[in-house]
Amino acid sequence: MLKELVEYVAKALVDNPDAVVVEAVEDEKTTMLRLKVAQSDLGRVIGKQGRTARAMRTLLHATAAKSRRRAVLEIVE
């Protein structure tokens with residue numbers, strides 16, 4: 001569910017949605033998500049002063065909190 005959320009939001013933001021890849025690594029209480037996008041779309045995903053990335057993390061934390069999990073989003077170049 002968390003992976004699909006990040007993938008959906010990222011694909012809506014970028015010019016090249018086919019290049020969006022989300023990898024999920026889960027353990028007992030934490031889900032680590034790695035988001036990879038095309039180099040040309042990296043600025044769109046991060047946003048000015050990191051605002052877009054911060055908003056995505058806020059959505060992710062709120063969704064994860066419902067299932068009493070912790071979620072971490074890492075944007076990989």
# chains A, B, ... in the order shown; residues from 1 in each chain; ligands from 1
$ select_by_dssp --residues "chain A" --states "alpha helix (DSSP H)" --output "MDAnalysis selection string"
chainID A and resid 2:13 42:46 51:66
$ atom_distance --atom1 "atom CA of A:Lys3" --atom2 "atom CA of A:Val20"
11.6 Å
$ closest_residue --among "A:Leu60, A:Arg68, A:Leu73, A:Lys36" --to "A:Met1" --atoms "only C-alpha atoms"
A:Leu60
$ closest_residue --among "A:Ala10, A:Glu77, A:Arg70, A:Gly47" --to "A:Thr31" --atoms "only C-alpha atoms"
A:Arg70
$ residues_around --residues "A:Thr52" --least-positions-apart "6" --cutoff "12 Å" --atoms "only C-alpha atoms" --output "ChimeraX atom specification"
/A:6,9-10,13-14,42-46,58-59,75
$ write_last_selection --atoms "C-alpha atoms" --output "mmCIF file, in the first residue's frame"
data_model
loop_
_atom_site.group_PDB
_atom_site.id
_atom_site.type_symbol
_atom_site.label_atom_id
_atom_site.label_comp_id
_atom_site.auth_asym_id
_atom_site.auth_seq_id
_atom_site.Cartn_x
_atom_site.Cartn_y
_atom_site.Cartn_z
ATOM 1 C CA VAL A 6 4.703 6.746 -3.488
ATOM 2 C CA VAL A 9 2.422 10.443 -6.540
ATOM 3 C CA ALA A 10 5.820 10.265 -8.239
ATOM 4 C CA LEU A 13 4.829 14.617 -10.887
ATOM 5 C CA VAL A 14 7.374 13.544 -13.503
ATOM 6 C CA LEU A 42 14.833 14.627 -10.011
ATOM 7 C CA GLY A 43 14.181 18.338 -9.475
ATOM 8 C CA ARG A 44 10.440 17.877 -9.903
ATOM 9 C CA VAL A 45 10.320 15.144 -7.254
ATOM 10 C CA ILE A 46 12.431 17.090 -4.759
ATOM 11 C CA THR A 58 4.243 13.621 5.223
ATOM 12 C CA LEU A 59 1.659 11.645 3.235
ATOM 13 C CA ILE A 75 15.078 9.542 -3.097
#
$ residues_around --residues "A:Asp27" --least-positions-apart "5" --cutoff "12 Å" --atoms "only C-alpha atoms" --output "mmCIF file with C-alpha atoms, in the first residue's frame"
data_model
loop_
_atom_site.group_PDB
_atom_site.id
_atom_site.type_symbol
_atom_site.label_atom_id
_atom_site.label_comp_id
_atom_site.auth_asym_id
_atom_site.auth_seq_id
_atom_site.Cartn_x
_atom_site.Cartn_y
_atom_site.Cartn_z
ATOM 1 C CA MET A 32 12.104 1.620 3.784
ATOM 2 C CA LEU A 33 11.137 2.931 0.353
ATOM 3 C CA ARG A 69 4.261 1.294 11.084
ATOM 4 C CA ARG A 70 7.165 3.616 10.432
ATOM 5 C CA ALA A 71 7.973 4.561 6.854
ATOM 6 C CA VAL A 72 11.140 6.112 5.450
#
$ select_by_dssp --residues "stretch 33-76 of chain A" --states "strand (DSSP E)" --output "list of chain:residue names"
A:Leu33, A:Arg34, A:Leu35, A:Lys36, A:Arg70, A:Ala71, A:Val72, A:Leu73, A:Glu74, A:Ile75, A:Val76
$ closest_residue --among "A:Asp15, A:Gly50, A:Val21, A:Glu4" --to "A:Arg34" --atoms "only C-alpha atoms"
A:Val21
